[in-house]
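Visitor: Pasting a structure here, questions to come.
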Amino acid sequence: MKNKKIETWGIFLLLTMFTLLTIYPAIRIISVSLRTDNAFQTKSLAFLERGEAFKDENGNGVWDQGEPFEDNNHNGRRDAGSGFKSYIELFTKTDFLRWAWNSFFVTFMVTLTGVVLASTSGYALSRFQFRGKQLTMLSLLTTQMFPATMLLLPFFILLSKLGLINSYLGLIIIYSSTALPFCIWQMKGYYDTIPASLEESARLDGCSQFGAFYRIILPLSSPALVITALFSFMASWNEYVVANIILQDPDLYTLPLGLKSFQASLSTQWGLYSAGAVIVSIPVTILFISLAKYLVSGLTMGSVKG
Amino acid sequence: MSLVSLKSIHKSFGATTVLSDINLQIRDGEFLVLVGPSGCGKSTTLRLVAGLETPTSGDIYIGDTRVNEMDPKDRDIAMVFQNYALYPHMNVYENMAFGLKIRKQDPDLIRTRVEEAADILQIGDLLKRKPRELSGGQRQRVALGRALVRKPKVFLFDEPLSNLDAKLRSEMRIEIKRLHKLLATTMIYVTHDQVEAMTMGDRIAVMNRGNIEQLDTPKTTYDKPNNKFVAGFIGTPQMNFIEGSVYPGKGGHIFKAGSFQIDIGKHPSLGKNERRVVMGIRPENISPVTEGSAHAERQDTFTAEVEITEPLGSSLLAHLVVGGFHLTANFDGNLDIKMGETIEVKIDQGKIHLFDLETKEKLID
């Protein structure tokens, strides 16, 4: 009984520790995004820094938003506070909105391609017998063994020969092709758990082969489709390495490239950078939270009971 | 007129031959049962009719139309599956209406048909439920209903009752029979359960290893099996088999196996030479001889040791050892015998079946 209690507490402690470890960088980024540029290396441990309190003309107590200044020893200091200055600047003085649109467009196309191609080819691999089926499935799996960095050079050569450097199409092709193998296996695995008699029944009821897929199988596969969509989304929304070699025109930058451009060779605008990072992560967070129930059912998979 | 006919159908999956030379004419309005052990090709035969498989060679006709390449949806047939195959994301009403909706029928007609079918099957109060909220028996009724609303030319059943418990199974058996009487539509029914086959079919086709071994009424199949396989497959408890030989005796032929010997009467078809055969006798054709039995019945009896008894209430299964051979007998339930006891039994000579030892084909009628 006592051992059990110690065990529970032990697990609890361990989980808390890991949660804190995971959460710390996120909190830190939020904190930095609310400070002014140079506060990145501040020694203060406060989450939100306070400026000096003073009274304004009307006698109301306010926090001074403060200006950076140099102290007597010419060290960069600031006497004040946290605020949304970085956020405002991000939207008004940088190309952030343009990058966001670029990212959104690329991600949307990749997700759409991923869902359409994975749902159909996974179905073919699950339901039909054809020559080269095993080989197809194996080669799809093999592509997953190579790290993305290893593929950078071949990707670059391929796309430059096709004249797709500096184009969304090139980026969309690469993102889709890296996300697809996993998605296809995922969909195939899910279809395998749906009894074939459902489609057969639909075909006798009057559906064509495609109709049976579209009206019966696809609606039943929503958990797997959600995972596929999410995976494709993640594969492109946060991607930096490939985008970095394909996109050189700043007008085409996606969000990760845009954020990186805040890191100049001499100084980095940490405030802007962090504010951008926080905003970029918002859609991901919303998606994960709203799709959590599908994720759980998708990952435990396979219970279509008639 | 035959509504569905299969002509010289062969079907193989890769190197495996599943059906070889199947010829089958199913009459309009007939209830035909395909029965056989698993892997005998009965489900494949049904799926060929449904259009879910295409024959490797041979022709399939529905009415006068050759349907080999016709899509399942155009064949005007409905099928009930073993696992019900209800669409999990639709409620009962939508499940039943689906076929008509796809065929773009008038919504009023759909409603009438679904309600009609629901009435017949007594599932009117379940229409709003999802399949997962139904019991096995209810699901099977919905699956039947889905087939019913379409008013197809042919109903196909693929072991529809094998997922149900014994009680429900016998209920649904009657239900399906009642439906057949009501609709008078052609039904093809696949099962591995010979009780279902016997009780439901107008005719039954006993299948084994991709062949139809016998196609007859249940009664004929039971009384005059074509071969040892059919004899053994149809009937519970199973027919008893003894290997031995027949030779002509004074009054007729005699079957002999070890110390076991019995007159089987005159059978010109057996010829004049001794030949190796398998003798078959059904358990109910072995009867006990008691003190009260008539004198004639006390002739030509066998001494049997009662090894095990299985009282079933109305009847009593006795596992006997007669002349070194194990025989099962089906006695009246009131008979008072005990395990280990020795009794006298009589074997009904007129009900003896003989099969060739090699070909397993029947030798006498």
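Chain identifiers are assigned as A, B, and so on, following the order in which chains appear in the structure tokens; residues are numbered from 1 within each chain, and ligands are numbered from 1 in order of appearance.
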Contacts from chain B to chain A, 8 Å maximum, only C-alpha atoms: show me the residue list as number ranges by chain.
Guide: B: 50, 52, 71-74, 76-79, 81, 83-89, 98-100, 102-103, 131-132
Visitor: If we count only C-alpha atoms, what is near Asp263 of chain B at a cut-off of 9 Å, once residues fewer than 3 positions away on the same chain are taken out, given as a VMD selection string?
Guide: chain B and resid 249 251 to 256 266 300 349
Visitor: Residues near Ser126 of chain A, anyone? I mean within 12 Å using only C-alpha atoms, not counting same-chain ones fewer than 4 positions away, as a list in words.
Guide: Ala118, Ser119, Thr120, Ser121, Gly122, Phe130, Lys133, Gln134, Met137, Ile184, Trp185, Gln186, Met187, Lys188, Gly189, Tyr190, Tyr191, Asp192, Thr193, Ile194, Pro195, Ala196, Phe213 and Ile217 of chain A
Visitor: Take the residues that were just selected and, keeping C-alpha atoms, output them as an mmCIF file, in the first residue's frame.
Guide:
data_model
loop_
_atom_site.group_PDB
_atom_site.id
_atom_site.type_symbol
_atom_site.label_atom_id
_atom_site.label_comp_id
_atom_site.auth_asym_id
_atom_site.auth_seq_id
_atom_site.Cartn_x
_atom_site.Cartn_y
_atom_site.Cartn_z
ATOM 1 C CA ALA A 118 -2.976 9.278 -49.490
ATOM 2 C CA SER A 119 -6.662 8.443 -49.130
ATOM 3 C CA THR A 120 -6.914 7.114 -52.672
ATOM 4 C CA SER A 121 -3.596 5.314 -52.989
ATOM 5 C CA GLY A 122 -3.939 3.865 -49.488
ATOM 6 C CA PHE A 130 -2.040 -5.841 -58.528
ATOM 7 C CA LYS A 133 1.933 -3.905 -54.937
ATOM 8 C CA GLN A 134 4.500 -5.281 -52.493
ATOM 9 C CA MET A 137 4.679 -0.514 -50.406
ATOM 10 C CA ILE A 184 -0.326 6.342 -47.401
ATOM 11 C CA TRP A 185 0.731 3.660 -44.930
ATOM 12 C CA GLN A 186 -1.411 5.298 -42.317
ATOM 13 C CA MET A 187 -4.484 5.291 -44.551
ATOM 14 C CA LYS A 188 -3.848 1.776 -45.807
ATOM 15 C CA GLY A 189 -3.570 0.538 -42.234
ATOM 16 C CA TYR A 190 -6.868 2.134 -41.374
ATOM 17 C CA TYR A 191 -8.709 0.834 -44.431
ATOM 18 C CA ASP A 192 -7.445 -2.651 -43.597
ATOM 19 C CA THR A 193 -9.529 -2.535 -40.428
ATOM 20 C CA ILE A 194 -12.759 -1.725 -42.301
ATOM 21 C CA PRO A 195 -14.491 -4.907 -43.442
ATOM 22 C CA ALA A 196 -14.664 -5.225 -47.218
ATOM 23 C CA PHE A 213 -15.335 4.388 -51.431
ATOM 24 C CA ILE A 217 -15.353 4.145 -46.647
#
Visitor: Residues near segment 140-153 of chain A, anyone? I mean within 8 Å using only C-alpha atoms, not counting same-chain ones fewer than 5 positions away, as a list in words.
Guide: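 Within the cut-off, the hits are Thr178, Pro181, Phe182, Val241, Val242 and Ile245 of chain A.
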Visitor: Excluding same-chain residues fewer than 4 positions from Ser12 of chain B, what lies within 12 Å of it counting only C-alpha atoms, as a PyMOL selection string?
Guide: chain B and resi 16-21+41+44-45+48+53-57+210
Visitor: Would you pick out the contacts of Ala231 of chain B at 12 Å or less, using only C-alpha atoms, so that residues sharing its chain but fewer than 2 positions from it are not included, and give the list as a ChimeraX atom specification?
Guide: /B:194,206,213-214,218,220-229,233-241,278-282,352-355,360-362
Visitor: Give me, as an NGL selection string, all polymer residues having an atom no more than 10 Å from Ile286 of chain B, counting only C-alpha atoms and skipping those fewer than 5 positions away in the same chain.
Guide: :B and (281 or 327-331 or 345-349 or 351)
Visitor: Can those selected residues be exported to a file as a short mmCIF file (atom, residue, chain, number, x, y, z; two decimals), in the first residue's frame so that it contains all heavy atoms?
Guide:
data_model
loop_
_atom_site.label_atom_id
_atom_site.label_comp_id
_atom_site.auth_asym_id
_atom_site.auth_seq_id
_atom_site.Cartn_x
_atom_site.Cartn_y
_atom_site.Cartn_z
N ILE B 281 -24.87 -46.39 -42.04
CA ILE B 281 -26.19 -46.55 -41.41
C ILE B 281 -26.44 -45.35 -40.50
O ILE B 281 -25.56 -44.95 -39.72
CB ILE B 281 -26.30 -47.91 -40.65
CG1 ILE B 281 -27.70 -48.13 -40.12
CG2 ILE B 281 -25.27 -48.01 -39.53
CD1 ILE B 281 -28.70 -48.55 -41.17
N LEU B 327 -20.47 -47.42 -33.08
CA LEU B 327 -21.66 -46.93 -33.77
C LEU B 327 -22.42 -46.00 -32.84
O LEU B 327 -22.48 -46.22 -31.64
CB LEU B 327 -22.58 -48.09 -34.16
CG LEU B 327 -22.05 -49.14 -35.15
CD1 LEU B 327 -23.08 -50.23 -35.37
CD2 LEU B 327 -21.69 -48.49 -36.47
N THR B 328 -22.99 -44.94 -33.43
CA THR B 328 -23.85 -44.07 -32.64
C THR B 328 -25.29 -44.41 -32.99
O THR B 328 -25.62 -44.58 -34.16
CB THR B 328 -23.59 -42.60 -32.99
OG1 THR B 328 -22.20 -42.35 -32.84
CG2 THR B 328 -24.37 -41.67 -32.08
N ALA B 329 -26.12 -44.55 -31.95
CA ALA B 329 -27.52 -44.84 -32.20
C ALA B 329 -28.38 -43.77 -31.58
O ALA B 329 -28.02 -43.17 -30.56
CB ALA B 329 -27.88 -46.20 -31.60
N ASN B 330 -29.52 -43.49 -32.22
CA ASN B 330 -30.43 -42.47 -31.73
C ASN B 330 -31.70 -43.17 -31.23
O ASN B 330 -32.52 -43.60 -32.02
CB ASN B 330 -30.75 -41.51 -32.89
CG ASN B 330 -31.36 -40.22 -32.39
OD1 ASN B 330 -31.71 -40.13 -31.21
ND2 ASN B 330 -31.47 -39.26 -33.27
N PHE B 331 -31.80 -43.31 -29.90
CA PHE B 331 -32.91 -44.05 -29.29
C PHE B 331 -33.97 -43.10 -28.77
O PHE B 331 -33.73 -41.89 -28.65
CB PHE B 331 -32.41 -44.92 -28.13
CG PHE B 331 -31.50 -46.04 -28.57
CD1 PHE B 331 -30.56 -46.56 -27.67
CD2 PHE B 331 -31.59 -46.59 -29.84
CE1 PHE B 331 -29.72 -47.60 -28.05
CE2 PHE B 331 -30.76 -47.63 -30.23
CZ PHE B 331 -29.81 -48.14 -29.33
N VAL B 345 -29.36 -54.87 -30.28
CA VAL B 345 -29.89 -53.87 -31.19
C VAL B 345 -30.16 -54.50 -32.54
O VAL B 345 -29.59 -55.54 -32.89
CB VAL B 345 -28.93 -52.67 -31.37
CG1 VAL B 345 -28.76 -51.91 -30.09
CG2 VAL B 345 -27.60 -53.13 -31.94
N LYS B 346 -31.03 -53.84 -33.30
CA LYS B 346 -31.35 -54.30 -34.64
C LYS B 346 -31.01 -53.20 -35.62
O LYS B 346 -31.19 -52.01 -35.34
CB LYS B 346 -32.85 -54.61 -34.71
CG LYS B 346 -33.24 -55.42 -35.92
CD LYS B 346 -34.67 -55.92 -35.75
CE LYS B 346 -35.17 -56.51 -37.05
NZ LYS B 346 -34.40 -57.68 -37.48
N ILE B 347 -30.46 -53.58 -36.76
CA ILE B 347 -30.11 -52.60 -37.78
C ILE B 347 -31.08 -52.75 -38.95
O ILE B 347 -31.28 -53.85 -39.46
CB ILE B 347 -28.66 -52.79 -38.25
CG1 ILE B 347 -27.70 -52.43 -37.09
CG2 ILE B 347 -28.35 -51.92 -39.47
CD1 ILE B 347 -26.25 -52.68 -37.36
N ASP B 348 -31.71 -51.61 -39.34
CA ASP B 348 -32.71 -51.65 -40.40
C ASP B 348 -32.01 -51.86 -41.75
O ASP B 348 -31.39 -50.95 -42.31
CB ASP B 348 -33.47 -50.31 -40.40
CG ASP B 348 -34.63 -50.32 -41.36
OD1 ASP B 348 -34.66 -51.21 -42.24
OD2 ASP B 348 -35.49 -49.44 -41.24
N GLN B 349 -32.17 -53.09 -42.28
CA GLN B 349 -31.43 -53.46 -43.49
C GLN B 349 -31.80 -52.60 -44.69
O GLN B 349 -30.97 -52.29 -45.54
CB GLN B 349 -31.71 -54.93 -43.84
CG GLN B 349 -31.15 -55.88 -42.82
CD GLN B 349 -31.64 -57.30 -43.06
OE1 GLN B 349 -32.42 -57.55 -43.97
NE2 GLN B 349 -31.17 -58.21 -42.23
N LYS B 351 -32.32 -49.60 -44.78
CA LYS B 351 -31.77 -48.23 -44.71
C LYS B 351 -30.25 -48.21 -44.81
O LYS B 351 -29.61 -47.20 -44.54
CB LYS B 351 -32.19 -47.57 -43.39
CG LYS B 351 -33.69 -47.40 -43.23
CD LYS B 351 -34.20 -46.31 -44.16
CE LYS B 351 -35.71 -46.34 -44.26
NZ LYS B 351 -36.39 -45.41 -43.41
#
Visitor: Using only C-alpha atoms for the distances, tell me which of A:Leu259, A:Ala243, A:Val284, A:Leu20 is nearest to Leu272 of chain A.
Guide: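 Closest to Leu272 of chain A, using only C-alpha atoms: A:Leu259.
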Visitor: Restricting the calculation to only C-alpha atoms, which member of B:Glu159, B:Thr112, B:Cys40, B:Ile343 is positioned closest to Glu291 of chain B?
Guide: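 When distances to Glu291 of chain B are compared using only C-alpha atoms, the smallest one comes from B:Ile343.
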Visitor: Using only C-alpha atoms, pick whichever of A:Trp270, A:Phe231, A:Phe91, A:Phe210 has the shortest atom-to-atom distance to Ser31 of chain A.
Guide: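 Ranking A:Trp270, A:Phe231, A:Phe91, A:Phe210 by distance to Ser31 of chain A, first place goes to A:Trp270.
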Visitor: As an exercise, work out the distance from atom CA of Gln140 of chain B to atom CA of Leu161 of chain B in Å and give it to one decimal place.
Guide: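 For atom CA of Gln140 of chain B relative to atom CA of Leu161 of chain B, the distance reads 7.9 Å.
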Visitor: Do you have the atom CA of Thr191 of chain B-atom CA of Leu34 of chain B distance handy?
Guide: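 These two atoms are separated by 6.4 Å.
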Visitor: One decimal, Å: what's the distance from atom CA of Phe84 of chain A over to atom CA of Gly271 of chain A, could you say?
Guide: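 Separation of atom CA of Phe84 of chain A and atom CA of Gly271 of chain A: 9.6 Å.
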